[in-house]
file protein.cif (mmCIF, N, CA and C atoms)
data_target
loop_
_atom_site.label_atom_id
_atom_site.label_comp_id
_atom_site.auth_asym_id
_atom_site.auth_seq_id
_atom_site.Cartn_x
_atom_site.Cartn_y
_atom_site.Cartn_z
N MET A 1 -30.04 28.51 -68.18
CA MET A 1 -29.28 27.56 -68.95
C MET A 1 -27.98 28.22 -69.41
N ARG A 2 -26.89 27.53 -69.21
CA ARG A 2 -25.57 28.02 -69.62
C ARG A 2 -25.18 27.34 -70.92
N VAL A 3 -24.80 28.13 -71.93
CA VAL A 3 -24.46 27.58 -73.24
C VAL A 3 -23.13 28.12 -73.73
N LEU A 4 -22.39 27.25 -74.42
CA LEU A 4 -21.18 27.69 -75.11
C LEU A 4 -21.56 27.92 -76.57
N LEU A 5 -21.26 29.09 -77.07
CA LEU A 5 -21.55 29.42 -78.46
C LEU A 5 -20.36 29.08 -79.34
N ASP A 6 -20.60 28.29 -80.35
CA ASP A 6 -19.58 27.97 -81.33
C ASP A 6 -19.13 29.26 -82.02
N THR A 7 -17.91 29.30 -82.46
CA THR A 7 -17.34 30.48 -83.11
C THR A 7 -18.24 30.99 -84.23
N ASN A 8 -18.78 30.09 -85.04
CA ASN A 8 -19.59 30.52 -86.18
C ASN A 8 -20.86 31.26 -85.77
N ILE A 9 -21.44 30.90 -84.64
CA ILE A 9 -22.64 31.59 -84.18
C ILE A 9 -22.32 33.06 -83.90
N VAL A 10 -21.22 33.29 -83.24
CA VAL A 10 -20.79 34.65 -82.91
C VAL A 10 -20.45 35.42 -84.19
N LEU A 11 -19.71 34.78 -85.09
CA LEU A 11 -19.35 35.44 -86.34
C LEU A 11 -20.56 35.76 -87.20
N ASP A 12 -21.56 34.89 -87.18
CA ASP A 12 -22.78 35.15 -87.97
C ASP A 12 -23.38 36.49 -87.60
N VAL A 13 -23.38 36.79 -86.30
CA VAL A 13 -23.95 38.05 -85.81
C VAL A 13 -23.03 39.22 -86.12
N LEU A 14 -21.77 39.08 -85.74
CA LEU A 14 -20.84 40.21 -85.85
C LEU A 14 -20.55 40.60 -87.29
N LEU A 15 -20.61 39.63 -88.20
CA LEU A 15 -20.31 39.92 -89.61
C LEU A 15 -21.57 39.89 -90.48
N ASN A 16 -22.74 39.81 -89.82
CA ASN A 16 -24.02 39.84 -90.53
C ASN A 16 -24.05 38.80 -91.67
N ARG A 17 -23.71 37.56 -91.33
CA ARG A 17 -23.61 36.51 -92.34
C ARG A 17 -24.99 35.90 -92.62
N VAL A 18 -25.39 36.07 -93.85
CA VAL A 18 -26.66 35.53 -94.32
C VAL A 18 -26.39 34.14 -94.88
N PRO A 19 -27.23 33.16 -94.65
CA PRO A 19 -28.59 33.20 -94.14
C PRO A 19 -28.70 32.90 -92.65
N TRP A 20 -27.60 32.88 -91.93
CA TRP A 20 -27.60 32.44 -90.53
C TRP A 20 -27.80 33.56 -89.53
N PHE A 21 -27.71 34.79 -89.99
CA PHE A 21 -27.74 35.94 -89.09
C PHE A 21 -28.95 35.94 -88.16
N ASN A 22 -30.15 35.77 -88.69
CA ASN A 22 -31.37 35.93 -87.88
C ASN A 22 -31.40 34.97 -86.70
N ASP A 23 -31.15 33.68 -86.94
CA ASP A 23 -31.18 32.71 -85.84
C ASP A 23 -30.07 32.99 -84.83
N SER A 24 -28.87 33.29 -85.33
CA SER A 24 -27.75 33.56 -84.43
C SER A 24 -27.99 34.84 -83.63
N GLN A 25 -28.54 35.85 -84.27
CA GLN A 25 -28.87 37.10 -83.58
C GLN A 25 -29.91 36.84 -82.49
N ALA A 26 -30.88 35.98 -82.76
CA ALA A 26 -31.89 35.65 -81.76
C ALA A 26 -31.26 34.96 -80.55
N VAL A 27 -30.26 34.10 -80.79
CA VAL A 27 -29.54 33.46 -79.68
C VAL A 27 -28.82 34.53 -78.86
N TRP A 28 -28.11 35.43 -79.54
CA TRP A 28 -27.39 36.51 -78.86
C TRP A 28 -28.36 37.34 -78.01
N GLN A 29 -29.51 37.70 -78.58
CA GLN A 29 -30.49 38.50 -77.85
C GLN A 29 -31.06 37.74 -76.66
N THR A 30 -31.24 36.44 -76.82
CA THR A 30 -31.71 35.61 -75.71
C THR A 30 -30.71 35.66 -74.56
N HIS A 31 -29.42 35.66 -74.89
CA HIS A 31 -28.37 35.81 -73.88
C HIS A 31 -28.46 37.20 -73.23
N GLU A 32 -28.56 38.24 -74.05
CA GLU A 32 -28.59 39.60 -73.50
C GLU A 32 -29.81 39.84 -72.61
N LYS A 33 -30.91 39.15 -72.88
CA LYS A 33 -32.11 39.28 -72.06
C LYS A 33 -32.04 38.41 -70.79
N GLY A 34 -30.96 37.64 -70.65
CA GLY A 34 -30.79 36.83 -69.46
C GLY A 34 -31.53 35.50 -69.48
N LYS A 35 -32.05 35.11 -70.64
CA LYS A 35 -32.77 33.83 -70.75
C LYS A 35 -31.80 32.66 -70.78
N VAL A 36 -30.61 32.88 -71.35
CA VAL A 36 -29.51 31.92 -71.30
C VAL A 36 -28.25 32.70 -70.95
N ARG A 37 -27.23 31.99 -70.49
CA ARG A 37 -25.95 32.63 -70.18
C ARG A 37 -24.94 32.12 -71.19
N GLY A 38 -24.46 33.02 -72.04
CA GLY A 38 -23.55 32.66 -73.12
C GLY A 38 -22.09 32.66 -72.71
N HIS A 39 -21.39 31.63 -73.17
CA HIS A 39 -19.96 31.48 -72.96
C HIS A 39 -19.30 31.30 -74.32
N ILE A 40 -18.06 31.71 -74.41
CA ILE A 40 -17.22 31.37 -75.56
C ILE A 40 -15.84 30.97 -75.03
N ALA A 41 -15.17 30.13 -75.80
CA ALA A 41 -13.81 29.75 -75.45
C ALA A 41 -12.87 30.91 -75.74
N ALA A 42 -11.83 31.06 -74.95
CA ALA A 42 -10.85 32.13 -75.18
C ALA A 42 -10.27 32.04 -76.58
N SER A 43 -10.08 30.84 -77.08
CA SER A 43 -9.53 30.66 -78.44
C SER A 43 -10.48 31.18 -79.50
N THR A 44 -11.76 31.24 -79.19
CA THR A 44 -12.74 31.78 -80.13
C THR A 44 -12.41 33.24 -80.44
N LEU A 45 -11.93 33.97 -79.45
CA LEU A 45 -11.59 35.38 -79.67
C LEU A 45 -10.48 35.55 -80.69
N THR A 46 -9.47 34.69 -80.65
CA THR A 46 -8.39 34.82 -81.63
C THR A 46 -8.90 34.48 -83.03
N ASN A 47 -9.77 33.48 -83.12
CA ASN A 47 -10.34 33.13 -84.43
C ASN A 47 -11.23 34.25 -84.96
N ILE A 48 -12.04 34.82 -84.08
CA ILE A 48 -12.93 35.91 -84.48
C ILE A 48 -12.11 37.11 -84.94
N PHE A 49 -11.05 37.43 -84.22
CA PHE A 49 -10.20 38.56 -84.61
C PHE A 49 -9.58 38.31 -85.98
N TYR A 50 -9.03 37.14 -86.20
CA TYR A 50 -8.38 36.82 -87.46
C TYR A 50 -9.36 36.94 -88.63
N ILE A 51 -10.52 36.33 -88.49
CA ILE A 51 -11.50 36.34 -89.58
C ILE A 51 -12.07 37.75 -89.78
N SER A 52 -12.37 38.43 -88.69
CA SER A 52 -12.93 39.78 -88.78
C SER A 52 -11.93 40.76 -89.40
N ARG A 53 -10.69 40.67 -89.01
CA ARG A 53 -9.68 41.59 -89.55
C ARG A 53 -9.60 41.48 -91.06
N ARG A 54 -9.69 40.27 -91.57
CA ARG A 54 -9.64 40.06 -93.02
C ARG A 54 -10.91 40.55 -93.71
N SER A 55 -12.03 40.51 -92.99
CA SER A 55 -13.31 40.89 -93.60
C SER A 55 -13.66 42.37 -93.45
N VAL A 56 -13.39 42.93 -92.27
CA VAL A 56 -13.87 44.28 -91.98
C VAL A 56 -12.77 45.25 -91.53
N GLY A 57 -11.52 44.80 -91.47
CA GLY A 57 -10.44 45.69 -91.12
C GLY A 57 -10.03 45.61 -89.66
N LEU A 58 -8.84 46.13 -89.39
CA LEU A 58 -8.22 46.03 -88.07
C LEU A 58 -9.01 46.73 -86.97
N ALA A 59 -9.40 47.97 -87.19
CA ALA A 59 -10.09 48.72 -86.14
C ALA A 59 -11.41 48.06 -85.77
N THR A 60 -12.17 47.62 -86.75
CA THR A 60 -13.45 46.96 -86.47
C THR A 60 -13.23 45.63 -85.77
N ALA A 61 -12.19 44.91 -86.18
CA ALA A 61 -11.88 43.62 -85.54
C ALA A 61 -11.58 43.81 -84.06
N HIS A 62 -10.83 44.86 -83.72
CA HIS A 62 -10.57 45.16 -82.30
C HIS A 62 -11.87 45.45 -81.56
N GLY A 63 -12.76 46.21 -82.20
CA GLY A 63 -14.06 46.51 -81.58
C GLY A 63 -14.90 45.27 -81.37
N ILE A 64 -14.82 44.34 -82.32
CA ILE A 64 -15.55 43.08 -82.21
C ILE A 64 -15.06 42.27 -81.02
N VAL A 65 -13.75 42.22 -80.83
CA VAL A 65 -13.20 41.49 -79.68
C VAL A 65 -13.66 42.14 -78.38
N ARG A 66 -13.62 43.46 -78.31
CA ARG A 66 -14.09 44.16 -77.10
C ARG A 66 -15.56 43.86 -76.83
N GLU A 67 -16.37 43.81 -77.88
CA GLU A 67 -17.79 43.50 -77.73
C GLU A 67 -17.99 42.10 -77.16
N CYS A 68 -17.22 41.15 -77.64
CA CYS A 68 -17.32 39.78 -77.12
C CYS A 68 -16.89 39.72 -75.66
N LEU A 69 -15.82 40.42 -75.31
CA LEU A 69 -15.36 40.44 -73.92
C LEU A 69 -16.40 41.08 -73.00
N ARG A 70 -17.09 42.09 -73.50
CA ARG A 70 -18.13 42.76 -72.72
C ARG A 70 -19.36 41.87 -72.55
N THR A 71 -19.63 41.07 -73.55
CA THR A 71 -20.90 40.37 -73.63
C THR A 71 -20.90 38.98 -73.01
N PHE A 72 -19.85 38.19 -73.26
CA PHE A 72 -19.88 36.77 -72.92
C PHE A 72 -18.93 36.41 -71.78
N ASP A 73 -19.26 35.32 -71.09
CA ASP A 73 -18.32 34.71 -70.16
C ASP A 73 -17.26 34.02 -71.01
N ILE A 74 -16.01 34.11 -70.60
CA ILE A 74 -14.90 33.52 -71.37
C ILE A 74 -14.40 32.27 -70.66
N CYS A 75 -14.40 31.17 -71.38
CA CYS A 75 -13.86 29.91 -70.86
C CYS A 75 -12.36 29.89 -71.13
N PRO A 76 -11.54 29.73 -70.11
CA PRO A 76 -10.10 29.77 -70.31
C PRO A 76 -9.60 28.59 -71.13
N VAL A 77 -8.53 28.86 -71.87
CA VAL A 77 -7.82 27.80 -72.59
C VAL A 77 -6.45 27.70 -71.96
N ASP A 78 -6.21 26.59 -71.30
CA ASP A 78 -4.93 26.35 -70.67
C ASP A 78 -4.46 24.95 -71.04
N ARG A 79 -3.37 24.53 -70.45
CA ARG A 79 -2.81 23.22 -70.78
C ARG A 79 -3.82 22.09 -70.55
N TYR A 80 -4.55 22.17 -69.44
CA TYR A 80 -5.53 21.13 -69.13
C TYR A 80 -6.61 21.05 -70.23
N ALA A 81 -7.14 22.19 -70.63
CA ALA A 81 -8.16 22.21 -71.70
C ALA A 81 -7.60 21.64 -72.99
N LEU A 82 -6.37 22.01 -73.32
CA LEU A 82 -5.74 21.50 -74.55
C LEU A 82 -5.52 19.99 -74.47
N GLU A 83 -5.12 19.50 -73.32
CA GLU A 83 -4.93 18.05 -73.16
C GLU A 83 -6.25 17.31 -73.27
N GLN A 84 -7.30 17.88 -72.69
CA GLN A 84 -8.63 17.26 -72.80
C GLN A 84 -9.09 17.23 -74.25
N ALA A 85 -8.85 18.31 -74.97
CA ALA A 85 -9.23 18.38 -76.39
C ALA A 85 -8.46 17.36 -77.22
N ALA A 86 -7.19 17.17 -76.89
CA ALA A 86 -6.36 16.22 -77.64
C ALA A 86 -6.82 14.78 -77.45
N ARG A 87 -7.52 14.52 -76.36
CA ARG A 87 -8.02 13.17 -76.09
C ARG A 87 -9.33 12.85 -76.81
N LEU A 88 -10.00 13.87 -77.31
CA LEU A 88 -11.29 13.65 -77.97
C LEU A 88 -11.10 13.07 -79.37
N ILE A 89 -12.11 12.34 -79.83
CA ILE A 89 -11.99 11.61 -81.09
C ILE A 89 -12.30 12.45 -82.33
N GLY A 90 -12.89 13.61 -82.16
CA GLY A 90 -13.26 14.43 -83.31
C GLY A 90 -12.06 14.81 -84.16
N SER A 91 -12.31 15.06 -85.43
CA SER A 91 -11.22 15.36 -86.37
C SER A 91 -10.87 16.85 -86.42
N ASP A 92 -11.66 17.71 -85.79
CA ASP A 92 -11.41 19.15 -85.81
C ASP A 92 -10.96 19.59 -84.41
N PHE A 93 -9.68 19.94 -84.28
CA PHE A 93 -9.15 20.29 -82.96
C PHE A 93 -9.82 21.52 -82.39
N GLU A 94 -10.20 22.47 -83.23
CA GLU A 94 -10.89 23.67 -82.73
C GLU A 94 -12.21 23.28 -82.07
N ASP A 95 -12.99 22.41 -82.72
CA ASP A 95 -14.24 21.94 -82.12
C ASP A 95 -13.96 21.16 -80.83
N ASN A 96 -12.94 20.31 -80.86
CA ASN A 96 -12.59 19.54 -79.66
C ASN A 96 -12.22 20.46 -78.51
N LEU A 97 -11.50 21.53 -78.80
CA LEU A 97 -11.13 22.48 -77.75
C LEU A 97 -12.37 23.17 -77.19
N GLN A 98 -13.31 23.51 -78.03
CA GLN A 98 -14.54 24.12 -77.54
C GLN A 98 -15.33 23.13 -76.67
N ILE A 99 -15.33 21.85 -77.06
CA ILE A 99 -15.99 20.82 -76.25
C ILE A 99 -15.30 20.73 -74.89
N ALA A 100 -13.97 20.70 -74.89
CA ALA A 100 -13.22 20.61 -73.64
C ALA A 100 -13.52 21.82 -72.76
N CYS A 101 -13.52 23.01 -73.34
CA CYS A 101 -13.82 24.22 -72.56
C CYS A 101 -15.23 24.18 -72.00
N ALA A 102 -16.18 23.72 -72.80
CA ALA A 102 -17.57 23.62 -72.36
C ALA A 102 -17.70 22.63 -71.21
N THR A 103 -16.99 21.52 -71.31
CA THR A 103 -17.03 20.49 -70.27
C THR A 103 -16.45 21.02 -68.97
N ILE A 104 -15.29 21.64 -69.06
CA ILE A 104 -14.62 22.19 -67.88
C ILE A 104 -15.48 23.27 -67.22
N ALA A 105 -16.12 24.10 -68.04
CA ALA A 105 -16.96 25.18 -67.51
C ALA A 105 -18.30 24.67 -66.99
N GLY A 106 -18.65 23.45 -67.33
CA GLY A 106 -19.91 22.88 -66.85
C GLY A 106 -21.14 23.47 -67.50
N VAL A 107 -21.03 23.86 -68.78
CA VAL A 107 -22.20 24.41 -69.46
C VAL A 107 -23.21 23.30 -69.74
N ASP A 108 -24.43 23.70 -69.99
CA ASP A 108 -25.51 22.75 -70.24
C ASP A 108 -25.59 22.30 -71.70
N ALA A 109 -25.14 23.16 -72.61
CA ALA A 109 -25.28 22.86 -74.04
C ALA A 109 -24.26 23.64 -74.85
N ILE A 110 -24.01 23.14 -76.05
CA ILE A 110 -23.23 23.86 -77.05
C ILE A 110 -24.19 24.24 -78.16
N VAL A 111 -24.10 25.49 -78.62
CA VAL A 111 -24.95 25.96 -79.70
C VAL A 111 -24.08 26.14 -80.94
N THR A 112 -24.44 25.46 -82.02
CA THR A 112 -23.64 25.45 -83.24
C THR A 112 -24.52 25.20 -84.45
N ARG A 113 -24.02 25.55 -85.62
CA ARG A 113 -24.67 25.16 -86.86
C ARG A 113 -24.14 23.82 -87.35
N ASP A 114 -23.05 23.33 -86.75
CA ASP A 114 -22.38 22.11 -87.19
C ASP A 114 -22.42 21.06 -86.08
N LYS A 115 -23.58 20.46 -85.89
CA LYS A 115 -23.73 19.49 -84.81
C LYS A 115 -22.79 18.30 -84.99
N GLY A 116 -22.50 17.91 -86.22
CA GLY A 116 -21.61 16.78 -86.48
C GLY A 116 -20.21 17.00 -85.94
N GLY A 117 -19.76 18.24 -85.92
CA GLY A 117 -18.43 18.55 -85.40
C GLY A 117 -18.34 18.42 -83.89
N PHE A 118 -19.48 18.28 -83.23
CA PHE A 118 -19.52 18.21 -81.78
C PHE A 118 -20.08 16.88 -81.28
N ALA A 119 -19.94 15.84 -82.10
CA ALA A 119 -20.47 14.52 -81.75
C ALA A 119 -19.84 13.97 -80.48
N ALA A 120 -18.62 14.37 -80.16
CA ALA A 120 -17.94 13.86 -78.97
C ALA A 120 -18.34 14.61 -77.69
N ALA A 121 -19.19 15.60 -77.82
CA ALA A 121 -19.56 16.41 -76.65
C ALA A 121 -20.40 15.60 -75.67
N PRO A 122 -20.09 15.68 -74.38
CA PRO A 122 -20.87 14.96 -73.37
C PRO A 122 -22.17 15.68 -73.00
N MET A 123 -22.33 16.92 -73.48
CA MET A 123 -23.55 17.66 -73.19
C MET A 123 -24.39 17.76 -74.47
N ILE A 124 -25.59 18.27 -74.33
CA ILE A 124 -26.48 18.41 -75.49
C ILE A 124 -25.88 19.43 -76.46
N VAL A 125 -26.06 19.17 -77.74
CA VAL A 125 -25.61 20.07 -78.80
C VAL A 125 -26.84 20.50 -79.58
N LEU A 126 -27.03 21.81 -79.69
CA LEU A 126 -28.23 22.36 -80.29
C LEU A 126 -27.89 23.32 -81.43
N THR A 127 -28.75 23.37 -82.42
CA THR A 127 -28.67 24.44 -83.41
C THR A 127 -29.31 25.68 -82.77
N PRO A 128 -29.09 26.85 -83.34
CA PRO A 128 -29.74 28.04 -82.79
C PRO A 128 -31.27 27.88 -82.71
N SER A 129 -31.89 27.35 -83.75
CA SER A 129 -33.35 27.21 -83.72
C SER A 129 -33.79 26.21 -82.66
N GLU A 130 -33.01 25.16 -82.43
CA GLU A 130 -33.35 24.20 -81.38
C GLU A 130 -33.24 24.83 -79.99
N LEU A 131 -32.24 25.68 -79.79
CA LEU A 131 -32.12 26.37 -78.51
C LEU A 131 -33.30 27.31 -78.30
N LEU A 132 -33.67 28.02 -79.33
CA LEU A 132 -34.72 29.03 -79.20
C LEU A 132 -36.10 28.42 -79.01
N GLU A 133 -36.33 27.24 -79.54
CA GLU A 133 -37.64 26.60 -79.42
C GLU A 133 -38.11 26.50 -77.98
N PRO A 134 -37.35 25.84 -77.09
CA PRO A 134 -37.84 25.73 -75.70
C PRO A 134 -37.87 27.08 -74.98
N VAL A 135 -36.94 27.97 -75.31
CA VAL A 135 -36.92 29.28 -74.66
C VAL A 135 -38.19 30.04 -75.04
N MET A 136 -38.55 30.01 -76.31
CA MET A 136 -39.74 30.71 -76.76
C MET A 136 -40.99 30.06 -76.17
N HIS A 137 -41.00 28.72 -76.09
CA HIS A 137 -42.13 28.02 -75.51
C HIS A 137 -42.30 28.41 -74.03
N PHE A 138 -41.17 28.48 -73.32
CA PHE A 138 -41.21 28.86 -71.91
C PHE A 138 -41.75 30.28 -71.76
N GLN A 139 -41.31 31.19 -72.65
CA GLN A 139 -41.78 32.57 -72.58
C GLN A 139 -43.29 32.64 -72.79
N LEU A 140 -43.79 31.87 -73.74
CA LEU A 140 -45.22 31.87 -74.01
C LEU A 140 -46.01 31.33 -72.83
N CYS A 141 -45.47 30.28 -72.20
CA CYS A 141 -46.16 29.69 -71.05
C CYS A 141 -46.12 30.61 -69.84
N ALA A 142 -45.06 31.41 -69.72
CA ALA A 142 -44.90 32.30 -68.57
C ALA A 142 -45.81 33.52 -68.67
N ASN A 143 -46.23 33.86 -69.89
CA ASN A 143 -47.08 35.07 -70.08
C ASN A 143 -48.53 34.82 -69.81
#

call {"tool": "encode", "arguments": {"input": "protein.cif", "output": "structure tokens"}}
result
Amino acid sequence: MRVLLDTNIVLDVLLNRVPWFNDSQAVWQTHEKGKVRGHIAASTLTNIFYISRRSVGLATAHGIVRECLRTFDICPVDRYALEQAARLIGSDFEDNLQIACATIAGVDAIVTRDKGGFAAAPMIVLTPSELLEPVMHFQLCAN
């Protein structure tokens, strides 16, 4: 299963944000184990850098960006993606851009803590716990 991770899911892990860290970390680990294939929009990296730099400093923020580049598939943000995002009805352009990137990349789902922000998504939108439920069920059945 290919999933686009909302910016907040990635930040929850990288900045150890409680109370969301555990579920988001489990999603990240599920990706690292190859159970799902994680994607992020290229614009997510600029947002992560900006927020991280303010929270943990410049050097750590650079390391966080490198970790994301090493870990996830990156969905490009180009004129086409921006135009697709501008056509969506949602009120948050950042969420719309992530939806457009997810659509263009052909992912199966978006994983977010804010399902309402992704109401315009043509694919399934899951919380971290919703994503993990079927993955964990599959693992139990496979054993």

call {"tool": "resolve_selection", "arguments": {"input": "protein.cif", "expression": "the PyMOL selection byres ((chain A and resi 107) around 7)", "output": "list of chain:residue names"}}
result
A:Met1, A:Arg2, A:Val3, A:Leu4, A:Cys101, A:Ala102, A:Thr103, A:Ile104, A:Ala105, A:Gly106, A:Asp108, A:Ala109, A:Ile110, A:Met123

call {"tool": "write_last_selection", "arguments": {"input": "protein.cif", "atoms": "N, CA and C atoms", "output": "PDB file, in the coordinates of the input"}}
result
ATOM      1  N   MET A   1     -30.040  28.510 -68.180  1.00  0.00           N
ATOM      2  CA  MET A   1     -29.280  27.560 -68.950  1.00  0.00           C
ATOM      3  C   MET A   1     -27.980  28.220 -69.410  1.00  0.00           C
ATOM      4  N   ARG A   2     -26.890  27.530 -69.210  1.00  0.00           N
ATOM      5  CA  ARG A   2     -25.570  28.020 -69.620  1.00  0.00           C
ATOM      6  C   ARG A   2     -25.180  27.340 -70.920  1.00  0.00           C
ATOM      7  N   VAL A   3     -24.800  28.130 -71.930  1.00  0.00           N
ATOM      8  CA  VAL A   3     -24.460  27.580 -73.240  1.00  0.00           C
ATOM      9  C   VAL A   3     -23.130  28.120 -73.730  1.00  0.00           C
ATOM     10  N   LEU A   4     -22.390  27.250 -74.420  1.00  0.00           N
ATOM     11  CA  LEU A   4     -21.180  27.690 -75.110  1.00  0.00           C
ATOM     12  C   LEU A   4     -21.560  27.920 -76.570  1.00  0.00           C
ATOM     13  N   CYS A 101     -13.520  23.010 -73.340  1.00  0.00           N
ATOM     14  CA  CYS A 101     -13.820  24.220 -72.560  1.00  0.00           C
ATOM     15  C   CYS A 101     -15.230  24.180 -72.000  1.00  0.00           C
ATOM     16  N   ALA A 102     -16.180  23.720 -72.800  1.00  0.00           N
ATOM     17  CA  ALA A 102     -17.570  23.620 -72.360  1.00  0.00           C
ATOM     18  C   ALA A 102     -17.700  22.630 -71.210  1.00  0.00           C
ATOM     19  N   THR A 103     -16.990  21.520 -71.310  1.00  0.00           N
ATOM     20  CA  THR A 103     -17.030  20.490 -70.270  1.00  0.00           C
ATOM     21  C   THR A 103     -16.450  21.020 -68.970  1.00  0.00           C
ATOM     22  N   ILE A 104     -15.290  21.640 -69.060  1.00  0.00           N
ATOM     23  CA  ILE A 104     -14.620  22.190 -67.880  1.00  0.00           C
ATOM     24  C   ILE A 104     -15.480  23.270 -67.220  1.00  0.00           C
ATOM     25  N   ALA A 105     -16.120  24.100 -68.040  1.00  0.00           N
ATOM     26  CA  ALA A 105     -16.960  25.180 -67.510  1.00  0.00           C
ATOM     27  C   ALA A 105     -18.300  24.670 -66.990  1.00  0.00           C
ATOM     28  N   GLY A 106     -18.650  23.450 -67.330  1.00  0.00           N
ATOM     29  CA  GLY A 106     -19.910  22.880 -66.850  1.00  0.00           C
ATOM     30  C   GLY A 106     -21.140  23.470 -67.500  1.00  0.00           C
ATOM     31  N   ASP A 108     -24.430  23.700 -69.990  1.00  0.00           N
ATOM     32  CA  ASP A 108     -25.510  22.750 -70.240  1.00  0.00           C
ATOM     33  C   ASP A 108     -25.590  22.300 -71.700  1.00  0.00           C
ATOM     34  N   ALA A 109     -25.140  23.160 -72.610  1.00  0.00           N
ATOM     35  CA  ALA A 109     -25.280  22.860 -74.040  1.00  0.00           C
ATOM     36  C   ALA A 109     -24.260  23.640 -74.850  1.00  0.00           C
ATOM     37  N   ILE A 110     -24.010  23.140 -76.050  1.00  0.00           N
ATOM     38  CA  ILE A 110     -23.230  23.860 -77.050  1.00  0.00           C
ATOM     39  C   ILE A 110     -24.190  24.240 -78.160  1.00  0.00           C
ATOM     40  N   MET A 123     -22.330  16.920 -73.480  1.00  0.00           N
ATOM     41  CA  MET A 123     -23.550  17.660 -73.190  1.00  0.00           C
ATOM     42  C   MET A 123     -24.390  17.760 -74.470  1.00  0.00           C
TER      43      MET A 123
END

call {"tool": "resolve_selection", "arguments": {"input": "protein.cif", "expression": "the PyMOL selection byres ((chain A and resi 60-66) around 8)", "output": "count of residues only"}}
result
21

call {"tool": "atom_distance", "arguments": {"input": "protein.cif", "atom1": "atom C of Ile9 (chain A)", "atom2": "atom C of Gly38 (chain A)"}}
result
11.2 Å

call {"tool": "resolve_selection", "arguments": {"input": "protein.cif", "expression": "the PyMOL selection byres ((chain A and resi 73-78) around 6.5)", "output": "list in words"}}
result
Gly38, His39, Ile40, Ala41, Ala42, Ser43, Thr71, Phe72, Arg79, Tyr80, Ala81, Leu82, Glu83 and Cys101 of chain A

call {"tool": "select_by_dssp", "arguments": {"input": "protein.cif", "residues": "chain A", "states": "strand (DSSP E or B)", "output": "list in words"}}
result
Arg2, Val3, Leu4, Leu5, Arg37, Gly38, His39, Ile40, Ala41, Asp73, Ile74, Cys75, Ala109, Ile110, Val111, Ile124, Val125 and Leu126 of chain A

call {"tool": "select_by_dssp", "arguments": {"input": "protein.cif", "residues": "chain A", "states": "alpha helix (DSSP H)", "output": "number ranges by chain"}}
result
A: 7-14, 21-32, 42-56, 58-71, 79-87, 93-105, 128-142

call {"tool": "closest_residue", "arguments": {"input": "protein.cif", "among": "A:Val111, A:Arg17, A:Ala85, A:Asp92", "to": "Leu131 (chain A)", "atoms": "all atoms listed in the file"}}
result
A:Val111

call {"tool": "residues_around", "arguments": {"input": "protein.cif", "residues": "Gly90 (chain A)", "least_positions_apart": "2", "cutoff": "8 Å", "atoms": "only N, CA and C atoms", "output": "list of chain:residue names"}}
result
A:Ala85, A:Ala86, A:Arg87, A:Leu88, A:Asp92, A:Phe93, A:Glu94, A:Asp95, A:Asn96, A:Gly116, A:Gly117, A:Phe118, A:Ala119, A:Ala120, A:Ala121

call {"tool": "atom_distance", "arguments": {"input": "protein.cif", "atom1": "atom C of Ser24 (chain A)", "atom2": "atom C of Thr112 (chain A)"}}
result
10.3 Å

call {"tool": "closest_residue", "arguments": {"input": "protein.cif", "among": "A:Thr44, A:Gly34, A:Gln25, A:Pro19", "to": "Asp6 (chain A)", "atoms": "only N, CA and C atoms"}}
result
A:Thr44

call {"tool": "decode", "arguments": {"input": "protein.cif", "residues": "region 41-64 of chain A", "atoms": "C-alpha atoms", "output": "PDB file, in the first residue's frame"}}
result
ATOM      1  CA  ALA A  41       5.043  16.129  -0.929  1.00  0.00           C
ATOM      2  CA  ALA A  42       8.163  18.156  -1.741  1.00  0.00           C
ATOM      3  CA  SER A  43       6.484  21.160  -0.095  1.00  0.00           C
ATOM      4  CA  THR A  44       6.289  19.164   3.127  1.00  0.00           C
ATOM      5  CA  LEU A  45      10.072  19.392   3.371  1.00  0.00           C
ATOM      6  CA  THR A  46      10.041  23.193   3.368  1.00  0.00           C
ATOM      7  CA  ASN A  47       7.333  23.215   6.042  1.00  0.00           C
ATOM      8  CA  ILE A  48       9.211  20.665   8.145  1.00  0.00           C
ATOM      9  CA  PHE A  49      12.425  22.673   7.861  1.00  0.00           C
ATOM     10  CA  TYR A  50      10.720  25.927   8.849  1.00  0.00           C
ATOM     11  CA  ILE A  51       8.956  24.441  11.879  1.00  0.00           C
ATOM     12  CA  SER A  52      11.953  22.346  12.959  1.00  0.00           C
ATOM     13  CA  ARG A  53      14.402  25.237  12.694  1.00  0.00           C
ATOM     14  CA  ARG A  54      12.258  27.269  15.075  1.00  0.00           C
ATOM     15  CA  SER A  55      11.885  24.345  17.494  1.00  0.00           C
ATOM     16  CA  VAL A  56      15.250  22.573  17.482  1.00  0.00           C
ATOM     17  CA  GLY A  57      17.705  24.834  15.654  1.00  0.00           C
ATOM     18  CA  LEU A  58      19.271  25.097  12.218  1.00  0.00           C
ATOM     19  CA  ALA A  59      21.672  22.136  12.320  1.00  0.00           C
ATOM     20  CA  THR A  60      19.015  19.719  13.560  1.00  0.00           C
ATOM     21  CA  ALA A  61      16.513  21.028  11.009  1.00  0.00           C
ATOM     22  CA  HIS A  62      18.988  20.254   8.210  1.00  0.00           C
ATOM     23  CA  GLY A  63      19.428  16.746   9.625  1.00  0.00           C
ATOM     24  CA  ILE A  64      15.662  16.282   9.737  1.00  0.00           C
TER      25      ILE A  64
END
